[in-house]
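> Okay, handing you the structure first.
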Amino acid sequence: MMFTKLYAATWGDVGKAKEKGFFDFDLFSWMAWTWQTATFFIFIALCITVMLIWEKKDPGGSPRKGILGLDTTRGDRLFISLLGSAFIHLAWLGLVGSVLWIASIICVAYFIVVFKYV
């Protein structure tokens, strides 16, 4: 099985030195960088870059009135999607546990719904 090991820190690991990995840079040693954290920030940067290119290609953001009753642009819908996805993940962590794959699938469906109907 692919996900047999859980790479989460425990309270017993608090004072111990960690072995250096690929994404461990001395510049960011104050932050707990993992490959998941780096992937998250790369995804956000990629979303913003794609939205910038899309806006340069088709200016105006194609505002429309959706189920919220507000005029929303592509950037508004991206922000609503990202914010809602953060809340979905936080609720999943609080209610279910630390296996976030199902929450991520729910967030992808949420992105699609927001971009289609909001």
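Order determines the names: the first chain of the structure tokens is A, the second B, and so forth; residues in each chain are numbered 1 upward, and ligands are numbered 1 upward as they are shown.
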Neighbours of Leu70 (chain A) within 9 Å (only C-alpha atoms; same-chain residues fewer than 5 positions away dropped), as number ranges by chain?
A: 64-65, 118
> Name all residues at most 10 Å from region 36-50 of chain A (count only C-alpha atoms; drop same-chain ones fewer than 6 positions away) and give them as a list in words.
Phe23, Lys56, Gly75, Leu78 and Leu82 of chain A
> Restricted to N, CA and C atoms, what would the selected residues look like written as a short mmCIF file (atom, residue, chain, number, x, y, z; two decimals), in the first residue's frame?

data_model
loop_
_atom_site.label_atom_id
_atom_site.label_comp_id
_atom_site.auth_asym_id
_atom_site.auth_seq_id
_atom_site.Cartn_x
_atom_site.Cartn_y
_atom_site.Cartn_z
N PHE A 23 13.86 19.45 0.89
CA PHE A 23 13.25 20.76 1.03
C PHE A 23 13.65 21.49 2.31
N LYS A 56 -4.63 38.52 -18.61
CA LYS A 56 -3.95 39.23 -19.71
C LYS A 56 -4.53 38.80 -21.06
N GLY A 75 -11.24 36.01 -10.30
CA GLY A 75 -10.42 36.17 -9.09
C GLY A 75 -11.25 36.02 -7.82
N LEU A 78 -11.91 32.35 -7.41
CA LEU A 78 -10.71 31.66 -6.92
C LEU A 78 -10.53 31.89 -5.43
N LEU A 82 -10.53 29.01 -2.58
CA LEU A 82 -9.39 28.76 -1.69
C LEU A 82 -9.78 28.91 -0.22
#
> Would you list the contacts of region 101-107 of chain A as a PyMOL selection string, taking every protein, DNA or RNA residue within 10 Å and counting only C-alpha atoms, but skipping same-chain residues closer than 4 positions in sequence?
chain A and resi 81-82+84-93+96+111-113
> Would you write out those residues with N, CA and C atoms, as a compact mmCIF listing (two decimals), in the first residue's frame?

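Just written: result-v4.txt:
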# COMPACT_ATOMS: atom_id res chain seq x y z
N SER A 81 -13.06 29.92 -3.50
CA SER A 81 -12.70 28.51 -3.55
C SER A 81 -11.56 28.18 -2.59
N LEU A 82 -10.53 29.01 -2.58
CA LEU A 82 -9.39 28.76 -1.69
C LEU A 82 -9.78 28.91 -0.22
N GLY A 84 -12.84 28.63 1.10
CA GLY A 84 -13.72 27.52 1.45
C GLY A 84 -12.96 26.22 1.60
N SER A 85 -11.96 25.99 0.76
CA SER A 85 -11.15 24.77 0.85
C SER A 85 -10.36 24.74 2.16
N ALA A 86 -9.89 25.90 2.58
CA ALA A 86 -9.18 25.94 3.88
C ALA A 86 -10.13 25.55 5.01
N PHE A 87 -11.34 26.06 4.97
CA PHE A 87 -12.32 25.72 6.01
C PHE A 87 -12.73 24.25 5.94
N ILE A 88 -12.85 23.71 4.74
CA ILE A 88 -13.17 22.29 4.60
C ILE A 88 -12.06 21.44 5.22
N HIS A 89 -10.81 21.78 4.93
CA HIS A 89 -9.69 21.02 5.50
C HIS A 89 -9.63 21.16 7.02
N LEU A 90 -9.85 22.36 7.53
CA LEU A 90 -9.83 22.54 8.99
C LEU A 90 -10.96 21.77 9.66
N ALA A 91 -12.14 21.79 9.07
CA ALA A 91 -13.26 21.03 9.63
C ALA A 91 -12.97 19.54 9.57
N TRP A 92 -12.36 19.09 8.47
CA TRP A 92 -12.03 17.67 8.34
C TRP A 92 -11.02 17.26 9.41
N LEU A 93 -10.01 18.10 9.62
CA LEU A 93 -9.01 17.80 10.66
C LEU A 93 -9.66 17.73 12.04
N VAL A 96 -12.73 14.58 11.64
CA VAL A 96 -12.43 13.23 11.16
C VAL A 96 -11.03 12.78 11.55
N PHE A 111 -14.33 23.43 -5.71
CA PHE A 111 -13.78 24.35 -6.71
C PHE A 111 -14.65 24.36 -7.96
N ILE A 112 -15.01 23.17 -8.44
CA ILE A 112 -15.82 23.06 -9.66
C ILE A 112 -17.18 23.73 -9.46
N VAL A 113 -17.83 23.47 -8.33
CA VAL A 113 -19.14 24.06 -8.05
C VAL A 113 -19.03 25.59 -7.98
